[in-house]
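The data block below is protein11.tsv; it holds TSV, C-alpha atoms.
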chain	number	residue	atom	x	y	z
A	1	MET	CA	-28.51	13.97	30.90
A	2	SER	CA	-27.95	13.71	27.27
A	3	THR	CA	-26.78	17.29	26.95
A	4	MET	CA	-24.44	16.95	29.92
A	5	VAL	CA	-22.72	14.00	28.34
A	6	ALA	CA	-22.61	15.91	25.08
A	7	ALA	CA	-20.87	18.84	26.75
A	8	GLY	CA	-18.41	16.52	28.47
A	9	GLY	CA	-17.74	14.76	25.25
A	10	GLU	CA	-16.88	17.80	23.21
A	11	GLY	CA	-14.01	16.98	20.95
A	12	TYR	CA	-15.28	13.50	20.28
A	13	ARG	CA	-17.37	13.06	17.21
A	14	GLY	CA	-18.04	9.44	17.74
A	15	ALA	CA	-21.66	8.47	17.61
A	16	ARG	CA	-25.17	9.82	17.34
A	17	SER	CA	-25.80	13.22	18.91
A	18	ASP	CA	-29.12	12.07	20.38
A	19	SER	CA	-27.79	9.11	22.32
A	20	TYR	CA	-25.81	8.58	25.49
A	21	GLU	CA	-22.87	7.18	23.59
A	22	ILE	CA	-21.96	10.65	22.43
A	23	ALA	CA	-18.53	10.72	24.05
A	24	VAL	CA	-17.46	7.30	22.83
A	25	ALA	CA	-16.56	6.61	19.25
A	26	GLU	CA	-17.80	3.33	17.94
A	27	LYS	CA	-15.39	0.49	18.55
A	28	ARG	CA	-15.25	-0.24	14.86
A	29	VAL	CA	-14.03	3.32	14.19
A	30	VAL	CA	-11.47	3.19	17.00
A	31	VAL	CA	-10.11	-0.18	15.86
A	32	GLY	CA	-9.97	0.96	12.25
A	33	PHE	CA	-8.19	4.17	13.18
A	34	GLY	CA	-5.69	2.32	15.36
A	35	PHE	CA	-4.93	-0.07	12.55
A	36	TRP	CA	-4.61	2.86	10.15
A	37	ILE	CA	-1.90	4.32	12.45
A	38	PHE	CA	-0.11	0.95	12.44
A	39	LEU	CA	-0.23	0.83	8.64
A	40	LEU	CA	1.22	4.32	8.37
A	41	SER	CA	4.05	3.38	10.74
A	42	ASP	CA	4.63	0.28	8.61
A	43	ILE	CA	4.86	2.51	5.54
A	44	VAL	CA	7.35	4.74	7.38
A	45	MET	CA	9.45	1.60	7.93
A	46	PHE	CA	9.20	0.83	4.21
A	47	SER	CA	10.31	4.37	3.45
A	48	ALA	CA	13.60	3.68	5.25
A	49	PHE	CA	14.17	0.66	3.00
A	50	PHE	CA	13.20	2.76	-0.02
A	51	ALA	CA	15.68	5.45	1.00
A	52	ALA	CA	18.42	2.82	1.40
A	53	TYR	CA	17.60	1.36	-2.01
A	54	ALA	CA	17.51	4.76	-3.72
A	55	VAL	CA	20.91	5.66	-2.25
A	56	LEU	CA	22.49	2.30	-3.16
A	57	ALA	CA	20.77	1.71	-6.51
A	58	HIS	CA	23.94	2.36	-8.51
A	59	SER	CA	26.38	0.66	-6.13
A	60	THR	CA	26.63	-2.57	-8.07
A	61	ALA	CA	30.32	-3.23	-7.19
A	62	GLY	CA	30.92	-4.44	-10.74
A	63	GLY	CA	28.05	-6.90	-10.45
A	64	PRO	CA	24.87	-7.07	-12.50
A	65	ASN	CA	22.54	-4.07	-12.48
A	66	GLY	CA	18.78	-3.81	-12.66
A	67	LEU	CA	18.67	-3.65	-16.43
A	68	GLN	CA	20.37	-7.04	-16.69
A	69	LEU	CA	18.41	-8.70	-13.89
A	70	PHE	CA	14.81	-7.49	-14.04
A	71	ASN	CA	12.27	-9.28	-16.17
A	72	GLN	CA	9.59	-6.74	-17.01
A	73	ARG	CA	7.04	-9.29	-18.11
A	74	SER	CA	7.20	-11.06	-14.77
A	75	VAL	CA	6.87	-7.73	-12.95
A	76	ALA	CA	3.84	-6.79	-15.05
A	77	ILE	CA	2.13	-10.10	-14.19
A	78	GLU	CA	2.97	-9.67	-10.49
A	79	THR	CA	1.52	-6.16	-10.60
A	80	GLY	CA	-1.64	-7.45	-12.28
A	81	CYS	CA	-2.04	-10.23	-9.69
A	82	LEU	CA	-1.70	-7.86	-6.76
A	83	LEU	CA	-4.00	-5.24	-8.25
A	84	ALA	CA	-6.68	-7.83	-9.06
A	85	SER	CA	-6.41	-9.32	-5.57
A	86	SER	CA	-6.82	-5.83	-4.09
A	87	TYR	CA	-10.00	-5.50	-6.14
A	88	THR	CA	-11.40	-8.87	-5.03
A	89	CYS	CA	-10.47	-7.95	-1.46
A	90	GLY	CA	-12.68	-4.88	-1.84
A	91	LEU	CA	-15.48	-7.09	-3.14
A	92	MET	CA	-14.95	-9.32	-0.12
A	93	ALA	CA	-15.38	-6.32	2.19
A	94	LEU	CA	-18.70	-5.59	0.45
A	95	ALA	CA	-19.78	-9.24	0.79
A	96	VAL	CA	-18.92	-9.11	4.50
A	97	THR	CA	-20.99	-5.95	4.96
A	98	SER	CA	-23.99	-7.54	3.29
A	99	ARG	CA	-23.37	-10.84	5.18
A	100	ARG	CA	-23.19	-13.09	2.15
A	101	TYR	CA	-21.24	-16.19	3.10
A	102	ALA	CA	-20.77	-17.79	-0.31
A	103	LEU	CA	-19.60	-14.52	-1.88
A	104	THR	CA	-17.24	-13.88	1.05
A	105	TYR	CA	-15.61	-17.29	0.68
A	106	LEU	CA	-15.40	-16.99	-3.11
A	107	THR	CA	-13.79	-13.52	-3.10
A	108	ALA	CA	-11.46	-14.53	-0.27
A	109	LEU	CA	-10.39	-17.58	-2.27
A	110	ILE	CA	-9.67	-15.49	-5.40
A	111	THR	CA	-7.79	-12.95	-3.27
A	112	PHE	CA	-5.73	-15.75	-1.75
A	113	VAL	CA	-4.95	-17.41	-5.09
A	114	LEU	CA	-3.89	-14.11	-6.71
A	115	GLY	CA	-1.74	-13.21	-3.69
A	116	ALA	CA	-0.15	-16.65	-3.73
A	117	ALA	CA	0.51	-16.34	-7.49
A	118	PHE	CA	2.25	-13.03	-6.83
A	119	LEU	CA	4.39	-14.64	-4.15
A	120	VAL	CA	5.32	-17.63	-6.34
A	121	LEU	CA	6.38	-15.33	-9.19
A	122	GLU	CA	8.46	-13.23	-6.82
A	123	LEU	CA	10.15	-16.27	-5.27
A	124	ARG	CA	10.93	-17.63	-8.75
A	125	GLU	CA	12.48	-14.28	-9.62
A	126	PHE	CA	14.57	-14.35	-6.43
A	127	ALA	CA	15.68	-17.95	-7.07
A	128	GLY	CA	16.64	-17.07	-10.65
A	129	MET	CA	18.74	-14.14	-9.45
A	130	VAL	CA	20.49	-16.16	-6.76
A	131	ALA	CA	21.16	-18.90	-9.34
A	132	VAL	CA	23.13	-16.51	-11.56
A	133	GLY	CA	25.19	-15.30	-8.61
A	134	ALA	CA	23.17	-12.14	-7.98
A	135	GLY	CA	22.22	-12.91	-4.40
A	136	PRO	CA	21.94	-10.32	-1.63
A	137	GLN	CA	25.65	-10.67	-0.75
A	138	ARG	CA	26.82	-9.70	-4.26
A	139	SER	CA	26.57	-5.91	-3.95
A	140	ALA	CA	25.03	-3.12	-1.91
A	141	PHE	CA	22.46	-2.65	-4.66
A	142	LEU	CA	21.35	-6.28	-4.40
A	143	SER	CA	21.34	-6.21	-0.58
A	144	ALA	CA	19.02	-3.22	-0.67
A	145	PHE	CA	16.91	-4.84	-3.40
A	146	PHE	CA	16.38	-8.11	-1.55
A	147	THR	CA	15.66	-6.33	1.73
A	148	LEU	CA	13.07	-4.01	0.21
A	149	VAL	CA	11.29	-6.43	-2.12
A	150	GLY	CA	11.67	-9.32	0.34
A	151	CYS	CA	10.11	-7.24	3.12
A	152	HIS	CA	7.09	-6.55	0.93
A	153	GLY	CA	6.93	-10.25	0.02
A	154	LEU	CA	6.98	-11.16	3.72
A	155	HIS	CA	4.05	-8.82	4.29
A	156	VAL	CA	2.13	-10.52	1.48
A	157	ALA	CA	2.91	-13.94	2.95
A	158	GLY	CA	1.73	-12.72	6.36
A	159	GLY	CA	-1.43	-11.40	4.73
A	160	LEU	CA	-2.14	-14.80	3.19
A	161	VAL	CA	-1.83	-16.49	6.59
A	162	TRP	CA	-4.07	-13.83	8.10
A	163	LEU	CA	-6.68	-14.31	5.37
A	164	THR	CA	-6.72	-18.08	5.98
A	165	VAL	CA	-7.19	-17.54	9.72
A	166	MET	CA	-9.98	-15.05	9.04
A	167	MET	CA	-11.84	-17.52	6.84
A	168	ALA	CA	-11.62	-20.10	9.61
A	169	GLN	CA	-13.05	-17.51	12.00
A	170	VAL	CA	-15.87	-16.72	9.56
A	171	ALA	CA	-16.65	-20.44	9.35
A	172	ILE	CA	-16.63	-20.89	13.15
A	173	LYS	CA	-17.94	-17.58	14.52
A	174	GLY	CA	-19.90	-16.28	11.54
A	175	LEU	CA	-20.12	-12.92	9.81
A	176	TYR	CA	-22.48	-11.45	12.41
A	177	HIS	CA	-19.76	-11.58	15.03
A	178	PRO	CA	-18.58	-7.95	15.50
A	179	THR	CA	-14.99	-8.99	16.29
A	180	VAL	CA	-14.75	-10.97	13.07
A	181	GLU	CA	-16.13	-8.04	11.13
A	182	ARG	CA	-13.60	-5.64	12.64
A	183	ARG	CA	-10.74	-8.00	11.89
A	184	LEU	CA	-11.87	-8.34	8.30
A	185	LEU	CA	-11.98	-4.54	8.03
A	186	CYS	CA	-8.37	-4.42	9.27
A	187	PHE	CA	-7.36	-7.15	6.84
A	188	SER	CA	-8.74	-5.31	3.83
A	189	LEU	CA	-6.95	-2.13	4.96
A	190	PHE	CA	-3.73	-4.12	5.24
A	191	TRP	CA	-4.14	-5.70	1.82
A	192	HIS	CA	-4.89	-2.39	0.06
A	193	ALA	CA	-1.92	-0.76	1.81
A	194	LEU	CA	0.36	-3.54	0.51
A	195	ASP	CA	-0.84	-2.75	-2.99
A	196	ILE	CA	0.02	0.92	-2.47
A	197	VAL	CA	3.52	-0.05	-1.34
A	198	TRP	CA	3.83	-2.24	-4.44
A	199	VAL	CA	2.89	0.68	-6.75
A	200	TRP	CA	5.74	2.65	-5.23
A	201	LEU	CA	7.99	-0.40	-5.40
A	202	PHE	CA	7.50	-1.39	-9.02
A	203	THR	CA	7.97	2.23	-10.10
A	204	VAL	CA	11.12	2.93	-8.10
A	205	VAL	CA	12.78	-0.47	-8.30
A	206	TYR	CA	11.73	-2.08	-11.55
A	207	LEU	CA	10.70	0.68	-13.97
A	208	LYS	CA	13.38	3.17	-12.91
A	209	GLY	CA	15.83	0.26	-12.70
A	210	ILE	CA	15.56	-0.45	-16.42
A	211	LEU	CA	15.96	3.23	-17.35
A	212	SER	CA	19.58	3.56	-16.39
B	1	MET	CA	-22.06	19.94	18.85
B	2	THR	CA	-19.86	19.55	15.84
B	3	ASP	CA	-21.08	19.44	12.29
B	4	THR	CA	-21.02	15.67	11.94
B	5	ASP	CA	-22.44	12.91	14.02
B	6	TYR	CA	-20.15	10.16	12.83
B	7	ASP	CA	-16.51	9.43	12.42
B	8	ARG	CA	-15.65	7.01	9.73
B	9	ALA	CA	-13.30	4.09	10.12
B	10	PRO	CA	-10.60	4.05	7.46
B	11	GLY	CA	-11.66	1.71	4.69
B	12	ASP	CA	-15.32	2.12	5.49
B	13	ALA	CA	-17.31	2.91	2.39
B	14	THR	CA	-20.37	4.13	4.21
B	15	ALA	CA	-20.65	6.88	6.77
B	16	LEU	CA	-23.34	4.93	8.55
B	17	PRO	CA	-22.10	1.42	9.20
B	18	ASP	CA	-25.47	0.23	10.43
B	19	VAL	CA	-27.37	1.53	7.42
B	20	GLU	CA	-26.72	-0.78	4.55
B	21	GLN	CA	-25.76	0.92	1.36
B	22	GLY	CA	-26.48	-0.69	-1.95
B	23	THR	CA	-23.79	-3.24	-2.76
B	24	SER	CA	-23.92	-2.34	-6.43
B	25	SER	CA	-22.69	1.21	-5.82
B	26	GLY	CA	-19.83	-0.23	-3.76
B	27	VAL	CA	-18.90	-2.55	-6.60
B	28	LEU	CA	-19.00	0.43	-8.96
B	29	VAL	CA	-16.55	2.40	-6.79
B	30	TYR	CA	-14.08	-0.52	-6.66
B	31	SER	CA	-14.49	-1.09	-10.41
B	32	ILE	CA	-13.75	2.55	-11.24
B	33	GLY	CA	-10.68	2.33	-9.01
B	34	LEU	CA	-9.54	-0.86	-10.73
B	35	ALA	CA	-10.01	0.63	-14.20
B	36	LEU	CA	-8.07	3.80	-13.28
B	37	ALA	CA	-5.30	1.77	-11.64
B	38	VAL	CA	-4.99	-0.50	-14.70
B	39	VAL	CA	-4.75	2.52	-17.02
B	40	LEU	CA	-2.12	4.20	-14.83
B	41	THR	CA	-0.10	0.98	-14.49
B	42	ALA	CA	-0.18	0.39	-18.24
B	43	LEU	CA	0.89	4.00	-18.80
B	44	SER	CA	3.79	3.55	-16.37
B	45	PHE	CA	5.08	0.49	-18.21
B	46	TRP	CA	4.63	2.22	-21.56
B	47	VAL	CA	6.45	5.37	-20.40
B	48	ALA	CA	9.36	3.31	-19.09
B	49	ASN	CA	9.77	1.46	-22.38
B	50	THR	CA	8.93	3.96	-25.09
B	51	SER	CA	11.54	5.92	-26.97
B	52	LEU	CA	8.99	8.53	-28.01
B	53	LEU	CA	9.43	10.63	-24.90
B	54	TRP	CA	12.35	12.81	-23.89
B	55	SER	CA	14.40	10.48	-21.70
B	56	GLY	CA	15.21	13.20	-19.16
B	57	GLY	CA	11.56	13.54	-18.20
B	58	VAL	CA	10.70	9.85	-18.00
B	59	SER	CA	11.81	9.50	-14.38
B	60	ILE	CA	9.66	12.40	-13.24
B	61	GLY	CA	6.76	11.12	-15.34
B	62	LEU	CA	6.97	7.72	-13.63
B	63	THR	CA	6.96	9.40	-10.22
B	64	VAL	CA	3.88	11.42	-11.12
B	65	LEU	CA	2.07	8.32	-12.41
B	66	ALA	CA	2.93	6.38	-9.24
B	67	ILE	CA	1.67	9.19	-7.00
B	68	ALA	CA	-1.52	9.41	-9.08
B	69	GLN	CA	-2.07	5.67	-8.72
B	70	MET	CA	-1.49	5.80	-4.97
B	71	GLY	CA	-4.15	8.53	-4.87
B	72	VAL	CA	-6.54	6.32	-6.82
B	73	HIS	CA	-5.94	3.47	-4.38
B	74	LEU	CA	-6.49	5.73	-1.37
B	75	VAL	CA	-9.74	7.17	-2.69
B	76	PHE	CA	-11.37	4.19	-4.40
B	77	PHE	CA	-10.01	1.25	-2.36
B	78	LEU	CA	-9.35	2.76	1.07
B	79	HIS	CA	-12.19	5.31	0.78
B	80	VAL	CA	-10.14	8.17	2.19
B	81	THR	CA	-12.07	11.34	1.46
B	82	THR	CA	-11.89	15.00	2.39
B	83	GLY	CA	-15.19	14.80	4.24
B	84	PRO	CA	-15.37	15.94	7.87
B	85	ASP	CA	-15.99	12.36	9.01
B	86	ASN	CA	-12.56	11.47	7.67
B	87	THR	CA	-10.52	14.27	9.27
B	88	ASN	CA	-8.67	12.01	11.71
B	89	ASN	CA	-7.72	9.54	8.99
B	90	VAL	CA	-6.48	12.28	6.66
B	91	MET	CA	-4.47	13.98	9.42
B	92	ALA	CA	-2.75	10.70	10.27
B	93	LEU	CA	-2.10	10.09	6.58
B	94	ALA	CA	-0.65	13.60	6.16
B	95	PHE	CA	1.70	13.01	9.08
B	96	GLY	CA	2.79	9.69	7.58
B	97	VAL	CA	3.45	11.33	4.22
B	98	LEU	CA	5.49	14.04	5.94
B	99	ILE	CA	7.72	11.49	7.70
B	100	VAL	CA	8.12	9.39	4.55
B	101	THR	CA	9.11	12.46	2.54
B	102	LEU	CA	11.62	13.54	5.21
B	103	VAL	CA	13.23	10.09	5.33
B	104	VAL	CA	13.44	9.52	1.57
B	105	VAL	CA	14.26	13.04	0.33
B	106	GLY	CA	16.55	13.70	3.29
B	107	SER	CA	18.56	10.51	2.70
B	108	LEU	CA	18.92	11.20	-1.02
B	109	LEU	CA	19.97	14.84	-0.48
B	110	ILE	CA	22.49	14.02	2.23
B	111	MET	CA	24.04	11.12	0.32
B	112	ALA	CA	24.25	13.12	-2.91
B	113	ASP	CA	25.91	15.94	-0.99
B	114	LEU	CA	28.39	13.53	0.62
B	115	ASN	CA	29.22	12.08	-2.78
B	116	ASP	CA	29.84	15.55	-4.14
B	117	SER	CA	32.09	16.74	-1.37
B	118	MET	CA	34.12	13.55	-0.89
B	119	MET	CA	35.08	12.86	-4.48
B	120	PRO	CA	36.32	15.90	-6.29
B	121	ALA	CA	37.62	14.02	-9.32
B	122	SER	CA	34.72	13.25	-11.62
B	123	GLU	CA	36.03	9.83	-12.62
B	124	LEU	CA	36.05	8.81	-8.97
B	125	MET	CA	32.49	9.98	-8.37
B	126	ASN	CA	31.03	6.57	-7.81
B	127	LEU	CA	34.02	4.79	-6.38
B	128	GLN	CA	33.17	5.05	-2.73
B	129	MET	CA	29.71	3.66	-3.37
B	130	GLN	CA	31.04	0.60	-5.10
B	131	HIS	CA	32.91	-0.90	-2.18
Full structure transcribed into C-alpha cells:
Amino acid sequence: MSTMVAAGGEGYRGARSDSYEIAVAEKRVVVGFGFWIFLLSDIVMFSAFFAAYAVLAHSTAGGPNGLQLFNQRSVAIETGCLLASSYTCGLMALAVTSRRYALTYLTALITFVLGAAFLVLELREFAGMVAVGAGPQRSAFLSAFFTLVGCHGLHVAGGLVWLTVMMAQVAIKGLYHPTVERRLLCFSLFWHALDIVWVWLFTVVYLKGILS
Amino acid sequence: MTDTDYDRAPGDATALPDVEQGTSSGVLVYSIGLALAVVLTALSFWVANTSLLWSGGVSIGLTVLAIAQMGVHLVFFLHVTTGPDNTNNVMALAFGVLIVTLVVVGSLLIMADLNDSMMPASELMNLQMQH
C-alpha cells in the first residue's frame, strides 16, 4: 500500500517516505509556499513602482530634487528601526517554534514598536515635504516618490495591524494551534520581505537621490 | 523516491518542523544576519557620502551593496538555501527576479532610448521629462 501511494505520488516530495502521506506535502509547507508566491508577486508590483521612479527621478519640473528634500539622518534611523524589527521578528518566530508565550509577546511588542517608530518617522518626513510645497502634485519625481515610498509605508502599516491581530489570536487560541502557527510563519515572511524592499528602496531613492 | 523526504516551507529554519532544533543556533543565525546587514547598510551610507571614491563608480557600488544585503536577508532571515528541500522556493524566487529585472531594466532602457531619439538637441534632452 505504501509503495503504491509512493509511486502515485512521484513528483511530490512532501512528507516522510515511510508513511501514507507521501503524496501530500505538509499543510505548513503548502501554505508557506503559497504565501511566498504572493510575496514575489507583491515584489513584482513594487518593481513597477521602482521602474516608474527610476524613469522619473530627474523630472523635477523646476521643483525641489532629492538632494534638497531628503534627510539622511532620518533615513538612517528608519533603516535601523526596520532592520532591528526584522531581527526581533526572527526571534519571535523562534519563540513561536519553542512555544514560549512570554518571549513571543515580548519580541512581538518590540517588533511592533520599531515598526511603528519607522512609520512615524516616515509620516513626519512626508508631512515636512508637503509643508514646503513638495507634495505629490508638485512634479513627476515627487508623484513617483510618494507612490513608491507610500506603498511601502502602507505595507508596514498593514503588517502592524496583522501583528496585533496575531497576538490576539495567540492570546485566545494559543501557540499550539496549527493555524495560528502557520499565520505567524506567513507574518514573519511578510515582515522580512518588507525589509528587503526597504533595502532596495533606501539605496535607489535616498542614497542615489543625494548623489546627483 | 527522490533524494529528500521533506520540502521546506519558506522561512522555516529547520528541515524537520516537528523536530525541535536548538533555539540558540537559530538566534545565532539571525544575529549573524543582523551583523552583516548592519555592516552593509553602514557601508552603503558611507559610500554615498564619502569623497574618497571615484564618483562614477559610486552608483554601481551602491547597487552591489544593496544586492549583497538582499542576499544576506534571504539567507539569514528567510532561510532560503540551495538545498534540495528548497528547490521550489528558489525556483519561484528566480522567476520573480527575472520578472523584476525585465520590468525595471526594460523600462529604463526603453525610456532612455525614447529620450535619445526624441530630443536631438542636447540642451533639450530633459525637456520632455519636465512637463
Which of these residues is nearest to chain A, using all atoms listed in the file: B:Leu43, B:Met118, B:Val80, B:Leu93?
-> B:Leu93
Got a sec: who's within 9 Å of Ser55 of chain B, counting all atoms listed in the file, leaving out chain neighbours fewer than 4 positions off, as a PyMOL selection string?
-> (chain A and resi 211) or (chain B and resi 51+59)
Contact residues around His79 of chain B with all atoms listed in the file at 8 Å, ignoring same-chain residues under 5 positions, as a PDB file with C-alpha atoms, keeping the file's coordinate frame:
ATOM      1  CA  PRO B  10     -10.600   4.050   7.460  1.00  0.00           C
ATOM      2  CA  GLY B  11     -11.660   1.710   4.690  1.00  0.00           C
ATOM      3  CA  ASP B  12     -15.320   2.120   5.490  1.00  0.00           C
ATOM      4  CA  ALA B  13     -17.310   2.910   2.390  1.00  0.00           C
ATOM      5  CA  LEU B  74      -6.490   5.730  -1.370  1.00  0.00           C
TER       6      LEU B  74
END
Can you pull out every residue within 12 Å of Thr179 of chain A, counting all atoms listed in the file, but drop anything in the same chain fewer than 3 positions away, and send it as a PyMOL selection string?
-> chain A and resi 27-28+31-32+166+169-170+173-176+182-186
So how far away is atom CA of Ala54 of chain A from atom CA of Ala66 of chain B, in Å?
->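 Atom CA of Ala54 of chain A lies 15.7 Å from atom CA of Ala66 of chain B.
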Check the smallest atom-to-atom distance from each of A:Ala117, A:Leu40, A:Cys89, A:Val165 to chain B using only C-alpha atoms, then report the winner.
->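 Nearest to chain B: A:Leu40.
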Hey, which of B:Val27, B:Val58, B:Ile67, B:Ala37 ends up closest to Leu201 of chain A? Count only C-alpha atoms.
-> B:Ile67
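Compared by their closest atoms to chain B, and using all atoms listed in the file, the residues A:Ile77, A:Ala84, A:Val132, A:Leu67 rank with A:Ala84 nearest.
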Chain A near chain B within 7 Å: what's each residue's closest atom pair and its distance in Å to one decimal, counting all atoms listed in the file, ordered by chain then ascending residue number, as a tab-separated table?
residue	atom	partner	partner_atom	distance
A:Arg13	CA	B:Tyr6	CA	5.9
A:Gly14	CA	B:Tyr6	CA	5.4
A:Ala15	CA	B:Tyr6	CA	5.3
A:Arg16	CA	B:Asp5	CA	5.3
A:Ser17	CA	B:Asp5	CA	5.9
A:Arg28	CA	B:Ala9	CA	6.7
A:Val29	CA	B:Ala9	CA	4.2
A:Gly32	CA	B:Ala9	CA	5.0
A:Phe33	CA	B:Ala9	CA	6.0
A:Trp36	CA	B:Pro10	CA	6.7
A:Ile37	CA	B:Ala92	CA	6.8
A:Leu40	CA	B:Gly96	CA	5.7
A:Val44	CA	B:Val100	CA	5.5
A:Ser47	CA	B:Val100	CA	5.6
A:Ala48	CA	B:Val103	CA	6.4
A:Phe50	CA	B:Val104	CA	6.9
A:Ala51	CA	B:Val104	CA	4.7
A:Val55	CA	B:Leu108	CA	6.0
A:Ser59	CA	B:Gln130	CA	4.8
A:Thr60	CA	B:Gln130	CA	6.2
A:Ala61	CA	B:Gln130	CA	4.4
A:Tyr87	CA	B:Tyr30	CA	6.5
A:Gly90	CA	B:Tyr30	CA	6.6
A:Leu91	CA	B:Val27	CA	6.7
A:Leu94	CA	B:Thr23	CA	6.5
A:Leu189	CA	B:Gly11	CA	6.1
A:His192	CA	B:Phe77	CA	6.7
A:Ile196	CA	B:Met70	CA	5.7
A:Val199	CA	B:Ala66	CA	6.2
A:Trp200	CA	B:Ala66	CA	6.2
A:Thr203	CA	B:Ala66	CA	6.6
A:Leu207	CA	B:Ala48	CA	5.9
A:Lys208	CA	B:Ser59	CA	6.7
A:Leu211	CA	B:Ala48	CA	6.8
Between atom CA of Leu163 of chain A and atom CA of Ala35 of chain B, measure the distance and give it in Å to one decimal.
->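 The value is 24.8 Å.
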Top pick for closest residue to Val205 of chain A, considering A:Ser85, A:Thr147, A:Ser98, A:Gln137 and counting all atoms listed in the file |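 Closest candidate: A:Thr147.
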Between atom CA of Ser143 of chain A and atom CA of Tyr53 of chain A, distance in Å (one decimal) | 8.6 Å
Option closest in space to Thr104 of chain A, from A:Val120, A:Gly128, A:Ala168, A:Pro64 [counting only C-alpha atoms] = A:Ala168
Once 4 Å is added on each side, what centre and edge lengths in Å to one decimal does the axis-aligned box around all listed atoms of segment 110-120 of chain B have, as JSON?
{"center_x": 29.4, "center_y": 13.9, "center_z": -2.0, "size_x": 21.8, "size_y": 13.6, "size_z": 16.5}
Please fill the gaps in segment 97-117 of chain B so it has N, CA and C atoms, and write that as an mmCIF file, in the coordinates of the input.
data_model
loop_
_atom_site.group_PDB
_atom_site.id
_atom_site.type_symbol
_atom_site.label_atom_id
_atom_site.label_comp_id
_atom_site.auth_asym_id
_atom_site.auth_seq_id
_atom_site.Cartn_x
_atom_site.Cartn_y
_atom_site.Cartn_z
ATOM 1 N N VAL B 97 2.825 10.856 5.459
ATOM 2 C CA VAL B 97 3.450 11.330 4.220
ATOM 3 C C VAL B 97 4.612 12.259 4.523
ATOM 4 N N LEU B 98 4.418 13.121 5.548
ATOM 5 C CA LEU B 98 5.490 14.040 5.940
ATOM 6 C C LEU B 98 6.746 13.265 6.351
ATOM 7 N N ILE B 99 6.567 12.256 7.217
ATOM 8 C CA ILE B 99 7.720 11.490 7.700
ATOM 9 C C ILE B 99 8.393 10.748 6.537
ATOM 10 N N VAL B 100 7.569 10.127 5.681
ATOM 11 C CA VAL B 100 8.120 9.390 4.550
ATOM 12 C C VAL B 100 8.936 10.314 3.655
ATOM 13 N N THR B 101 8.390 11.507 3.382
ATOM 14 C CA THR B 101 9.110 12.460 2.540
ATOM 15 C C THR B 101 10.429 12.867 3.185
ATOM 16 N N LEU B 102 10.392 13.145 4.503
ATOM 17 C CA LEU B 102 11.620 13.540 5.210
ATOM 18 C C LEU B 102 12.670 12.450 5.094
ATOM 19 N N VAL B 103 12.262 11.189 5.329
ATOM 20 C CA VAL B 103 13.230 10.090 5.330
ATOM 21 C C VAL B 103 13.827 9.915 3.933
ATOM 22 N N VAL B 104 12.958 9.841 2.913
ATOM 23 C CA VAL B 104 13.440 9.520 1.570
ATOM 24 C C VAL B 104 14.223 10.694 0.969
ATOM 25 N N VAL B 105 13.597 11.888 0.947
ATOM 26 C CA VAL B 105 14.260 13.040 0.330
ATOM 27 C C VAL B 105 15.503 13.419 1.119
ATOM 28 N N GLY B 106 15.402 13.381 2.458
ATOM 29 C CA GLY B 106 16.550 13.700 3.290
ATOM 30 C C GLY B 106 17.722 12.777 3.027
ATOM 31 N N SER B 107 17.477 11.467 2.963
ATOM 32 C CA SER B 107 18.560 10.510 2.700
ATOM 33 C C SER B 107 19.204 10.792 1.353
ATOM 34 N N LEU B 108 18.373 10.995 0.327
ATOM 35 C CA LEU B 108 18.920 11.200 -1.020
ATOM 36 C C LEU B 108 19.754 12.487 -1.071
ATOM 37 N N LEU B 109 19.234 13.571 -0.461
ATOM 38 C CA LEU B 109 19.970 14.840 -0.480
ATOM 39 C C LEU B 109 21.307 14.705 0.233
ATOM 40 N N ILE B 110 21.268 14.107 1.434
ATOM 41 C CA ILE B 110 22.490 14.020 2.230
ATOM 42 C C ILE B 110 23.523 13.145 1.523
ATOM 43 N N MET B 111 23.077 12.015 0.969
ATOM 44 C CA MET B 111 24.040 11.120 0.320
ATOM 45 C C MET B 111 24.588 11.739 -0.954
ATOM 46 N N ALA B 112 23.755 12.457 -1.707
ATOM 47 C CA ALA B 112 24.250 13.120 -2.910
ATOM 48 C C ALA B 112 25.275 14.187 -2.538
ATOM 49 N N ASP B 113 24.992 14.907 -1.453
ATOM 50 C CA ASP B 113 25.910 15.940 -0.990
ATOM 51 C C ASP B 113 27.238 15.336 -0.556
ATOM 52 N N LEU B 114 27.169 14.213 0.191
ATOM 53 C CA LEU B 114 28.390 13.530 0.620
ATOM 54 C C LEU B 114 29.212 13.090 -0.585
ATOM 55 N N ASN B 115 28.533 12.524 -1.572
ATOM 56 C CA ASN B 115 29.220 12.080 -2.780
ATOM 57 C C ASN B 115 29.947 13.239 -3.430
ATOM 58 N N ASP B 116 29.256 14.385 -3.486
ATOM 59 C CA ASP B 116 29.840 15.550 -4.140
ATOM 60 C C ASP B 116 31.097 16.020 -3.417
ATOM 61 N N SER B 117 30.991 16.103 -2.075
ATOM 62 C CA SER B 117 32.090 16.740 -1.370
ATOM 63 C C SER B 117 33.260 15.787 -1.122
#
